[in-house]
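Q: Provided herewith: work.txt, compact mmCIF, N, CA and C atoms.
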# COMPACT_ATOMS: atom_id res chain seq x y z
N MET H 1 192.69 -57.92 -25.21
CA MET H 1 192.04 -59.21 -25.32
C MET H 1 190.68 -59.07 -26.01
N LEU H 2 189.94 -58.01 -25.71
CA LEU H 2 188.64 -57.78 -26.31
C LEU H 2 188.76 -57.55 -27.82
N ILE H 3 189.78 -56.82 -28.22
CA ILE H 3 190.00 -56.57 -29.66
C ILE H 3 190.30 -57.88 -30.37
N MET H 4 191.08 -58.74 -29.75
CA MET H 4 191.41 -60.03 -30.35
C MET H 4 190.15 -60.88 -30.55
N LYS H 5 189.26 -60.88 -29.56
CA LYS H 5 188.00 -61.63 -29.68
C LYS H 5 187.15 -61.09 -30.82
N ARG H 6 187.10 -59.78 -30.96
CA ARG H 6 186.33 -59.17 -32.04
C ARG H 6 186.90 -59.53 -33.41
N ILE H 7 188.22 -59.55 -33.51
CA ILE H 7 188.87 -59.92 -34.77
C ILE H 7 188.54 -61.37 -35.12
N ILE H 8 188.59 -62.25 -34.13
CA ILE H 8 188.28 -63.67 -34.36
C ILE H 8 186.83 -63.83 -34.80
N VAL H 9 185.90 -63.14 -34.14
CA VAL H 9 184.49 -63.21 -34.52
C VAL H 9 184.30 -62.68 -35.94
N PHE H 10 184.96 -61.57 -36.27
CA PHE H 10 184.86 -61.00 -37.61
C PHE H 10 185.32 -62.01 -38.65
N PHE H 11 186.48 -62.63 -38.44
CA PHE H 11 186.99 -63.60 -39.40
C PHE H 11 186.10 -64.84 -39.47
N ALA H 12 185.52 -65.26 -38.37
CA ALA H 12 184.61 -66.40 -38.37
C ALA H 12 183.38 -66.10 -39.23
N VAL H 13 182.85 -64.90 -39.12
CA VAL H 13 181.70 -64.51 -39.93
C VAL H 13 182.07 -64.46 -41.41
N VAL H 14 183.22 -63.90 -41.73
CA VAL H 14 183.67 -63.83 -43.12
C VAL H 14 183.86 -65.23 -43.70
N VAL H 15 184.49 -66.13 -42.94
CA VAL H 15 184.70 -67.49 -43.42
C VAL H 15 183.37 -68.19 -43.64
N GLN H 16 182.42 -68.01 -42.74
CA GLN H 16 181.11 -68.63 -42.89
C GLN H 16 180.41 -68.12 -44.14
N MET H 17 180.51 -66.84 -44.41
CA MET H 17 179.88 -66.28 -45.62
C MET H 17 180.52 -66.85 -46.88
N LEU H 18 181.80 -67.10 -46.85
CA LEU H 18 182.49 -67.65 -48.01
C LEU H 18 182.20 -69.13 -48.20
N LEU H 19 181.98 -69.86 -47.11
CA LEU H 19 181.76 -71.30 -47.21
C LEU H 19 180.32 -71.67 -47.53
N LEU H 20 179.38 -70.77 -47.41
CA LEU H 20 177.98 -71.08 -47.68
C LEU H 20 177.44 -70.17 -48.77
N PRO H 21 177.96 -70.30 -50.00
CA PRO H 21 177.45 -69.47 -51.08
C PRO H 21 176.09 -69.97 -51.55
N CYS H 22 175.34 -69.10 -52.14
CA CYS H 22 174.04 -69.48 -52.69
C CYS H 22 174.24 -70.32 -53.95
N CYS H 23 173.20 -70.99 -54.31
CA CYS H 23 173.22 -71.86 -55.48
C CYS H 23 173.62 -71.10 -56.73
N VAL H 24 173.12 -69.89 -56.90
CA VAL H 24 173.31 -69.17 -58.15
C VAL H 24 174.45 -68.17 -58.11
N GLU H 25 175.33 -68.25 -57.14
CA GLU H 25 176.42 -67.28 -57.04
C GLU H 25 177.65 -67.67 -57.84
N LYS H 26 177.58 -68.73 -58.59
CA LYS H 26 178.72 -69.14 -59.41
C LYS H 26 179.01 -68.05 -60.43
N GLN H 27 180.27 -67.80 -60.68
CA GLN H 27 180.65 -66.81 -61.67
C GLN H 27 180.50 -67.42 -63.06
N GLY H 28 179.91 -66.71 -63.96
CA GLY H 28 179.73 -67.21 -65.32
C GLY H 28 178.43 -67.97 -65.47
N TYR H 29 178.40 -68.85 -66.44
CA TYR H 29 177.18 -69.59 -66.75
C TYR H 29 177.31 -71.03 -66.33
N TYR H 30 176.16 -71.65 -66.06
CA TYR H 30 176.13 -73.07 -65.74
C TYR H 30 176.09 -73.87 -67.04
N SER H 31 176.68 -75.06 -67.00
CA SER H 31 176.57 -75.96 -68.15
C SER H 31 175.15 -76.50 -68.21
N SER H 32 174.79 -77.14 -69.32
CA SER H 32 173.44 -77.69 -69.43
C SER H 32 173.22 -78.78 -68.39
N GLY H 33 174.26 -79.56 -68.07
CA GLY H 33 174.14 -80.58 -67.04
C GLY H 33 173.90 -79.97 -65.66
N GLU H 34 174.62 -78.90 -65.35
CA GLU H 34 174.42 -78.21 -64.08
C GLU H 34 173.04 -77.59 -64.01
N GLU H 35 172.60 -76.99 -65.11
CA GLU H 35 171.25 -76.39 -65.16
C GLU H 35 170.18 -77.45 -64.92
N SER H 36 170.37 -78.64 -65.49
CA SER H 36 169.35 -79.69 -65.32
C SER H 36 169.30 -80.18 -63.88
N ILE H 37 170.46 -80.27 -63.21
CA ILE H 37 170.47 -80.66 -61.79
C ILE H 37 169.76 -79.61 -60.95
N ILE H 38 170.05 -78.35 -61.19
CA ILE H 38 169.40 -77.26 -60.46
C ILE H 38 167.89 -77.30 -60.69
N ALA H 39 167.47 -77.51 -61.93
CA ALA H 39 166.04 -77.55 -62.26
C ALA H 39 165.36 -78.72 -61.55
N LEU H 40 165.99 -79.89 -61.54
CA LEU H 40 165.37 -81.04 -60.87
C LEU H 40 165.19 -80.78 -59.38
N ILE H 41 166.16 -80.13 -58.77
CA ILE H 41 166.06 -79.85 -57.33
C ILE H 41 165.05 -78.73 -57.07
N CYS H 42 165.10 -77.67 -57.86
CA CYS H 42 164.33 -76.46 -57.55
C CYS H 42 162.95 -76.39 -58.20
N ASP H 43 162.75 -77.04 -59.32
CA ASP H 43 161.47 -76.90 -60.02
C ASP H 43 160.43 -77.94 -59.61
N ILE H 44 160.81 -78.87 -58.75
CA ILE H 44 159.90 -79.90 -58.27
C ILE H 44 159.76 -79.75 -56.76
N THR H 45 158.54 -79.83 -56.26
CA THR H 45 158.29 -79.85 -54.82
C THR H 45 158.44 -81.30 -54.38
N TRP H 46 159.28 -81.54 -53.37
CA TRP H 46 159.63 -82.90 -52.97
C TRP H 46 159.05 -83.27 -51.61
N THR H 47 158.76 -84.57 -51.43
CA THR H 47 158.30 -85.08 -50.14
C THR H 47 158.79 -86.52 -49.96
N GLY H 48 158.94 -86.90 -48.72
CA GLY H 48 159.28 -88.28 -48.40
C GLY H 48 158.04 -89.13 -48.28
N GLY H 49 156.89 -88.51 -48.45
CA GLY H 49 155.62 -89.22 -48.34
C GLY H 49 154.97 -89.01 -46.99
N LYS H 50 153.70 -89.30 -46.95
CA LYS H 50 152.93 -89.12 -45.72
C LYS H 50 153.09 -90.36 -44.84
N LYS H 51 153.43 -90.13 -43.58
CA LYS H 51 153.55 -91.21 -42.59
C LYS H 51 152.23 -91.28 -41.83
N GLU H 52 151.58 -92.43 -41.89
CA GLU H 52 150.31 -92.60 -41.19
C GLU H 52 150.52 -93.49 -39.98
N TYR H 53 149.92 -93.09 -38.86
CA TYR H 53 150.11 -93.80 -37.60
C TYR H 53 148.85 -94.54 -37.20
N GLU H 54 149.00 -95.51 -36.29
CA GLU H 54 147.89 -96.38 -35.88
C GLU H 54 146.71 -95.62 -35.30
N ASP H 55 146.96 -94.49 -34.67
CA ASP H 55 145.87 -93.73 -34.05
C ASP H 55 145.11 -92.87 -35.06
N GLY H 56 145.48 -92.94 -36.34
CA GLY H 56 144.79 -92.17 -37.37
C GLY H 56 145.45 -90.84 -37.69
N SER H 57 146.49 -90.47 -36.97
CA SER H 57 147.20 -89.22 -37.25
C SER H 57 148.21 -89.45 -38.37
N SER H 58 148.69 -88.35 -38.95
CA SER H 58 149.67 -88.46 -40.02
C SER H 58 150.63 -87.27 -39.97
N TRP H 59 151.74 -87.43 -40.66
CA TRP H 59 152.78 -86.40 -40.70
C TRP H 59 153.46 -86.45 -42.06
N GLU H 60 153.75 -85.26 -42.62
CA GLU H 60 154.44 -85.19 -43.90
C GLU H 60 155.33 -83.96 -43.93
N SER H 61 156.48 -84.11 -44.55
CA SER H 61 157.43 -83.00 -44.71
C SER H 61 157.53 -82.70 -46.21
N ILE H 62 157.31 -81.44 -46.59
CA ILE H 62 157.28 -81.02 -48.00
C ILE H 62 158.39 -80.00 -48.20
N TRP H 63 159.25 -80.25 -49.18
CA TRP H 63 160.44 -79.43 -49.42
C TRP H 63 160.33 -78.66 -50.71
N ASN H 64 160.59 -77.33 -50.65
CA ASN H 64 160.69 -76.46 -51.82
C ASN H 64 162.06 -75.80 -51.80
N PHE H 65 162.86 -76.10 -52.82
CA PHE H 65 164.18 -75.49 -52.96
C PHE H 65 164.09 -74.36 -53.97
N ASP H 66 164.75 -73.25 -53.67
CA ASP H 66 164.77 -72.12 -54.58
C ASP H 66 166.16 -71.94 -55.16
N LYS H 67 166.21 -71.39 -56.37
CA LYS H 67 167.48 -71.20 -57.07
C LYS H 67 168.36 -70.15 -56.42
N ASP H 68 167.81 -69.39 -55.48
CA ASP H 68 168.63 -68.39 -54.78
C ASP H 68 169.37 -69.00 -53.59
N GLY H 69 169.30 -70.34 -53.45
CA GLY H 69 170.03 -71.00 -52.38
C GLY H 69 169.27 -71.06 -51.06
N THR H 70 167.95 -70.89 -51.10
CA THR H 70 167.14 -71.02 -49.89
C THR H 70 166.17 -72.18 -50.09
N TYR H 71 165.64 -72.66 -48.98
CA TYR H 71 164.61 -73.70 -49.05
C TYR H 71 163.56 -73.44 -47.99
N THR H 72 162.39 -74.01 -48.22
CA THR H 72 161.31 -74.00 -47.24
C THR H 72 160.87 -75.43 -47.05
N ARG H 73 160.88 -75.86 -45.81
CA ARG H 73 160.38 -77.20 -45.46
C ARG H 73 159.09 -77.00 -44.67
N THR H 74 158.00 -77.51 -45.19
CA THR H 74 156.71 -77.39 -44.53
C THR H 74 156.35 -78.74 -43.92
N ASN H 75 156.18 -78.76 -42.61
CA ASN H 75 155.76 -79.97 -41.92
C ASN H 75 154.26 -79.90 -41.72
N VAL H 76 153.55 -80.92 -42.20
CA VAL H 76 152.10 -80.97 -42.09
C VAL H 76 151.73 -82.13 -41.17
N GLU H 77 151.05 -81.80 -40.09
CA GLU H 77 150.63 -82.81 -39.12
C GLU H 77 149.11 -82.80 -39.02
N ILE H 78 148.50 -83.95 -39.13
CA ILE H 78 147.05 -84.08 -38.99
C ILE H 78 146.81 -85.01 -37.81
N ASP H 79 146.11 -84.51 -36.79
CA ASP H 79 145.89 -85.35 -35.61
C ASP H 79 144.76 -86.34 -35.87
N LYS H 80 144.50 -87.20 -34.91
CA LYS H 80 143.51 -88.27 -35.08
C LYS H 80 142.10 -87.74 -35.31
N ASP H 81 141.83 -86.47 -34.94
CA ASP H 81 140.51 -85.87 -35.15
C ASP H 81 140.42 -85.11 -36.47
N GLY H 82 141.49 -85.13 -37.26
CA GLY H 82 141.48 -84.46 -38.56
C GLY H 82 141.94 -83.01 -38.52
N ASN H 83 142.38 -82.53 -37.37
CA ASN H 83 142.88 -81.15 -37.27
C ASN H 83 144.27 -81.06 -37.89
N LYS H 84 144.43 -80.08 -38.76
CA LYS H 84 145.68 -79.93 -39.51
C LYS H 84 146.52 -78.79 -38.93
N LYS H 85 147.81 -79.07 -38.71
CA LYS H 85 148.77 -78.05 -38.26
C LYS H 85 149.93 -78.04 -39.25
N GLU H 86 150.36 -76.83 -39.62
CA GLU H 86 151.51 -76.68 -40.51
C GLU H 86 152.55 -75.80 -39.84
N GLY H 87 153.80 -76.17 -40.06
CA GLY H 87 154.91 -75.37 -39.57
C GLY H 87 155.98 -75.29 -40.65
N GLU H 88 156.59 -74.12 -40.78
CA GLU H 88 157.61 -73.92 -41.81
C GLU H 88 158.98 -73.74 -41.19
N ILE H 89 159.95 -74.32 -41.85
CA ILE H 89 161.35 -74.13 -41.51
C ILE H 89 162.02 -73.59 -42.77
N ARG H 90 162.74 -72.51 -42.63
CA ARG H 90 163.45 -71.93 -43.77
C ARG H 90 164.95 -72.05 -43.51
N GLY H 91 165.68 -72.26 -44.58
CA GLY H 91 167.12 -72.38 -44.42
C GLY H 91 167.84 -72.09 -45.73
N ARG H 92 169.15 -72.31 -45.70
CA ARG H 92 170.00 -72.07 -46.87
C ARG H 92 170.62 -73.38 -47.30
N TRP H 93 170.88 -73.47 -48.58
CA TRP H 93 171.55 -74.64 -49.12
C TRP H 93 172.50 -74.21 -50.23
N SER H 94 173.46 -75.05 -50.53
CA SER H 94 174.37 -74.81 -51.64
C SER H 94 174.93 -76.16 -52.07
N PHE H 95 175.65 -76.14 -53.17
CA PHE H 95 176.36 -77.34 -53.59
C PHE H 95 177.70 -77.37 -52.89
N ALA H 96 178.07 -78.53 -52.38
CA ALA H 96 179.33 -78.65 -51.65
C ALA H 96 180.46 -79.15 -52.54
N THR H 97 180.13 -79.64 -53.73
CA THR H 97 181.15 -80.19 -54.62
C THR H 97 180.99 -79.58 -56.01
N PRO H 98 182.07 -79.49 -56.76
CA PRO H 98 182.00 -78.90 -58.11
C PRO H 98 181.12 -79.69 -59.08
N ASN H 99 180.92 -80.99 -58.83
CA ASN H 99 180.09 -81.78 -59.73
C ASN H 99 178.61 -81.80 -59.33
N PHE H 100 178.23 -80.98 -58.36
CA PHE H 100 176.85 -80.80 -57.93
C PHE H 100 176.23 -82.10 -57.38
N SER H 101 177.04 -82.95 -56.75
CA SER H 101 176.54 -84.23 -56.25
C SER H 101 176.28 -84.22 -54.74
N VAL H 102 176.59 -83.11 -54.08
CA VAL H 102 176.38 -83.02 -52.63
C VAL H 102 175.76 -81.66 -52.31
N LEU H 103 174.65 -81.68 -51.54
CA LEU H 103 174.05 -80.44 -51.05
C LEU H 103 174.59 -80.19 -49.64
N TYR H 104 174.81 -78.92 -49.34
CA TYR H 104 175.33 -78.52 -48.04
C TYR H 104 174.33 -77.59 -47.38
N PHE H 105 174.03 -77.86 -46.09
CA PHE H 105 173.04 -77.07 -45.36
C PHE H 105 173.63 -76.27 -44.20
N GLY H 106 174.93 -76.28 -44.05
CA GLY H 106 175.57 -75.57 -42.96
C GLY H 106 176.01 -76.53 -41.88
N GLY H 107 176.90 -76.05 -41.03
CA GLY H 107 177.44 -76.93 -39.99
C GLY H 107 178.13 -78.11 -40.64
N SER H 108 177.74 -79.29 -40.27
CA SER H 108 178.29 -80.49 -40.91
C SER H 108 177.16 -81.34 -41.47
N HIS H 109 176.13 -80.68 -42.05
CA HIS H 109 174.96 -81.36 -42.59
C HIS H 109 175.00 -81.37 -44.11
N TYR H 110 174.98 -82.57 -44.70
CA TYR H 110 175.08 -82.75 -46.14
C TYR H 110 174.05 -83.76 -46.63
N TRP H 111 173.69 -83.63 -47.90
CA TRP H 111 172.94 -84.67 -48.60
C TRP H 111 173.82 -85.14 -49.75
N ASP H 112 174.26 -86.40 -49.70
CA ASP H 112 175.03 -87.00 -50.78
C ASP H 112 174.05 -87.62 -51.77
N ILE H 113 173.88 -86.99 -52.92
CA ILE H 113 172.86 -87.41 -53.88
C ILE H 113 173.22 -88.77 -54.48
N LYS H 114 172.26 -89.67 -54.45
CA LYS H 114 172.44 -90.99 -55.05
C LYS H 114 171.75 -91.04 -56.41
N GLU H 115 170.50 -90.57 -56.46
CA GLU H 115 169.73 -90.57 -57.71
C GLU H 115 168.85 -89.32 -57.74
N LEU H 116 168.79 -88.69 -58.90
CA LEU H 116 167.99 -87.47 -59.05
C LEU H 116 167.42 -87.43 -60.45
N ASN H 117 166.10 -87.55 -60.53
CA ASN H 117 165.39 -87.39 -61.80
C ASN H 117 163.99 -86.87 -61.48
N LYS H 118 163.10 -86.83 -62.45
CA LYS H 118 161.77 -86.25 -62.23
C LYS H 118 160.89 -87.10 -61.32
N LYS H 119 161.28 -88.35 -61.08
CA LYS H 119 160.46 -89.25 -60.28
C LYS H 119 161.01 -89.54 -58.89
N ILE H 120 162.31 -89.34 -58.69
CA ILE H 120 162.92 -89.66 -57.39
C ILE H 120 164.11 -88.75 -57.12
N PHE H 121 164.26 -88.41 -55.85
CA PHE H 121 165.41 -87.68 -55.35
C PHE H 121 165.89 -88.49 -54.15
N SER H 122 166.90 -89.33 -54.34
CA SER H 122 167.39 -90.15 -53.24
C SER H 122 168.79 -89.66 -52.86
N PHE H 123 169.07 -89.77 -51.57
CA PHE H 123 170.34 -89.25 -51.06
C PHE H 123 170.64 -89.88 -49.71
N TYR H 124 171.88 -89.72 -49.28
CA TYR H 124 172.28 -90.07 -47.93
C TYR H 124 172.31 -88.78 -47.13
N ASP H 125 171.45 -88.69 -46.13
CA ASP H 125 171.41 -87.54 -45.24
C ASP H 125 172.56 -87.74 -44.25
N ARG H 126 173.61 -86.94 -44.41
CA ARG H 126 174.86 -87.15 -43.67
C ARG H 126 175.13 -86.02 -42.69
N THR H 127 175.52 -86.41 -41.48
CA THR H 127 176.00 -85.45 -40.50
C THR H 127 177.45 -85.81 -40.20
N GLY H 128 178.36 -84.89 -40.51
CA GLY H 128 179.78 -85.12 -40.30
C GLY H 128 180.53 -85.20 -41.61
N GLU H 129 181.82 -85.13 -41.49
CA GLU H 129 182.68 -85.16 -42.66
C GLU H 129 182.97 -86.60 -43.05
N LEU H 130 183.22 -86.83 -44.34
CA LEU H 130 183.57 -88.16 -44.81
C LEU H 130 184.82 -88.64 -44.08
N ASN H 131 184.89 -89.91 -43.81
CA ASN H 131 186.01 -90.57 -43.12
C ASN H 131 186.12 -90.20 -41.64
N ASP H 132 185.18 -89.43 -41.12
CA ASP H 132 185.16 -89.14 -39.68
C ASP H 132 184.45 -90.32 -39.00
N PRO H 133 185.07 -90.94 -38.01
CA PRO H 133 184.43 -92.10 -37.36
C PRO H 133 183.11 -91.76 -36.67
N LEU H 134 182.87 -90.50 -36.39
CA LEU H 134 181.61 -90.09 -35.74
C LEU H 134 180.53 -89.69 -36.75
N MET H 135 180.86 -89.74 -38.05
CA MET H 135 179.90 -89.38 -39.09
C MET H 135 178.72 -90.37 -39.05
N SER H 136 177.52 -89.84 -39.29
CA SER H 136 176.34 -90.70 -39.40
C SER H 136 175.62 -90.36 -40.70
N LYS H 137 174.98 -91.37 -41.28
CA LYS H 137 174.21 -91.11 -42.49
C LYS H 137 173.02 -92.05 -42.57
N GLU H 138 171.98 -91.56 -43.23
CA GLU H 138 170.74 -92.31 -43.38
C GLU H 138 170.26 -92.16 -44.81
N TYR H 139 169.84 -93.26 -45.42
CA TYR H 139 169.34 -93.23 -46.78
C TYR H 139 167.91 -92.69 -46.78
N VAL H 140 167.63 -91.74 -47.70
CA VAL H 140 166.31 -91.10 -47.78
C VAL H 140 165.87 -91.06 -49.24
N GLU H 141 164.58 -91.25 -49.47
CA GLU H 141 164.01 -91.11 -50.80
C GLU H 141 162.89 -90.08 -50.76
N PHE H 142 162.94 -89.14 -51.69
CA PHE H 142 161.88 -88.15 -51.88
C PHE H 142 161.22 -88.41 -53.22
N TYR H 143 159.96 -88.00 -53.30
CA TYR H 143 159.17 -88.12 -54.53
C TYR H 143 158.46 -86.80 -54.78
N PRO H 144 158.06 -86.53 -56.03
CA PRO H 144 157.32 -85.29 -56.28
C PRO H 144 156.06 -85.24 -55.42
N TYR H 145 155.82 -84.09 -54.83
CA TYR H 145 154.66 -83.90 -53.98
C TYR H 145 153.42 -83.70 -54.83
N ASN H 146 152.37 -84.41 -54.48
CA ASN H 146 151.10 -84.30 -55.18
C ASN H 146 150.07 -83.76 -54.20
N GLU H 147 149.71 -82.48 -54.37
CA GLU H 147 148.77 -81.83 -53.43
C GLU H 147 147.39 -82.46 -53.45
N GLU H 148 147.01 -83.07 -54.55
CA GLU H 148 145.66 -83.63 -54.66
C GLU H 148 145.45 -84.82 -53.77
N LYS H 149 146.52 -85.45 -53.29
CA LYS H 149 146.38 -86.61 -52.42
C LYS H 149 145.83 -86.26 -51.05
N ASP H 150 146.00 -85.00 -50.63
CA ASP H 150 145.59 -84.59 -49.27
C ASP H 150 144.12 -84.59 -49.13
Kindly present the structure from the file in structure tokens form.
A:
Amino acid sequence: MLIMKRIIVFFAVVVQMLLLPCCVEKQGYYSSGEESIIALICDITWTGGKKEYEDGSSWESIWNFDKDGTYTRTNVEIDKDGNKKEGEIRGRWSFATPNFSVLYFGGSHYWDIKELNKKIFSFYDRTGELNDPLMSKEYVEFYPYNEEKD
């Protein structure tokens, strides 16, 4: 029974490694259209904007995607007294579809891209598979991050 459990765990790890490839692990070369999508995602630092609260505090999430299939999300929180706290979350991402229209973050977390250009990155932040009655999604808009605004 123990050997069977080890075999199942081994195959689960192998399947997970195959299902979450890095952005740049495609065999061969990318087309110019694929290269431009990768550049728009990876060469621009993205944010949903700073959320300001009535008590004077604020919060912002800043996203940096790398071409190696990793990302860094930096959460910046400023309390009502002006004290700044930053926290980083690192993770992996890949394209979930051959046409590069869906980002995959693992588990059942996807971003279905609606619009992507130098001024806006809009998507549906989706948890669950399409056509699953328990799937949830939320529309999100990101804009290029401007450090000088802080």
Q: Could you name the residues that touch Ile113 of chain H at 6 Å or less, counting only N, CA and C atoms, but leaving out those on the same chain fewer than 5 positions away, as a list in words?
A: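 So, after excluding close chain neighbours, the residues are Ser101, Val102, Leu103, Ser122, Phe123 and Tyr124 of chain H.
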Q: Residues within 8 Å of Lys118 of chain H, please, as a CSV table (one decimal) with N, CA and C atoms, in the coordinates of the input. Count only C-alpha atoms; anything in the same chain fewer than 5 positions from it doesn't count.
A:
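Wrote it out as result.csv, contents follow:
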chain,number,residue,atom,x,y,z
H,40,LEU,N,166.0,-79.9,-61.5
H,40,LEU,CA,165.4,-81.0,-60.9
H,40,LEU,C,165.2,-80.8,-59.4
H,44,ILE,N,160.8,-78.9,-58.8
H,44,ILE,CA,159.9,-79.9,-58.3
H,44,ILE,C,159.8,-79.8,-56.8
H,144,PRO,N,158.1,-86.5,-56.0
H,144,PRO,CA,157.3,-85.3,-56.3
H,144,PRO,C,156.1,-85.2,-55.4
Q: Report, in Å with one decimal, the straight-line distance from atom C of Val140 of chain H to atom N of Ser36 of chain H.
A: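 Interatomic distance, atom C of Val140 of chain H to atom N of Ser36 of chain H: 20.9 Å.
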Q: Give me, please, the distance in Å between atom N of Trp111 of chain H and atom CA of Thr74 of chain H, quoted to one decimal.
A: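 Between atom N of Trp111 of chain H and atom CA of Thr74 of chain H the gap is 18.4 Å.
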Q: List as JSON, numbers by chain the protein and nucleic acid residues near Lys119 of chain H, meaning an atom at most 8 Å away when only N, CA and C atoms are counted, but skip any in the same chain fewer than 4 places from it.
A: {"H": [115, 142, 143, 144]}
Q: Export N, CA and C atoms of the chosen residues as a PDB file, in the coordinates of the input?
A:
ATOM      1  N   GLU H 115     170.500 -90.570 -56.460  1.00  0.00           N
ATOM      2  CA  GLU H 115     169.730 -90.570 -57.710  1.00  0.00           C
ATOM      3  C   GLU H 115     168.850 -89.320 -57.740  1.00  0.00           C
ATOM      4  N   PHE H 142     162.940 -89.140 -51.690  1.00  0.00           N
ATOM      5  CA  PHE H 142     161.880 -88.150 -51.880  1.00  0.00           C
ATOM      6  C   PHE H 142     161.220 -88.410 -53.220  1.00  0.00           C
ATOM      7  N   TYR H 143     159.960 -88.000 -53.300  1.00  0.00           N
ATOM      8  CA  TYR H 143     159.170 -88.120 -54.530  1.00  0.00           C
ATOM      9  C   TYR H 143     158.460 -86.800 -54.780  1.00  0.00           C
ATOM     10  N   PRO H 144     158.060 -86.530 -56.030  1.00  0.00           N
ATOM     11  CA  PRO H 144     157.320 -85.290 -56.280  1.00  0.00           C
ATOM     12  C   PRO H 144     156.060 -85.240 -55.420  1.00  0.00           C
TER      13      PRO H 144
END
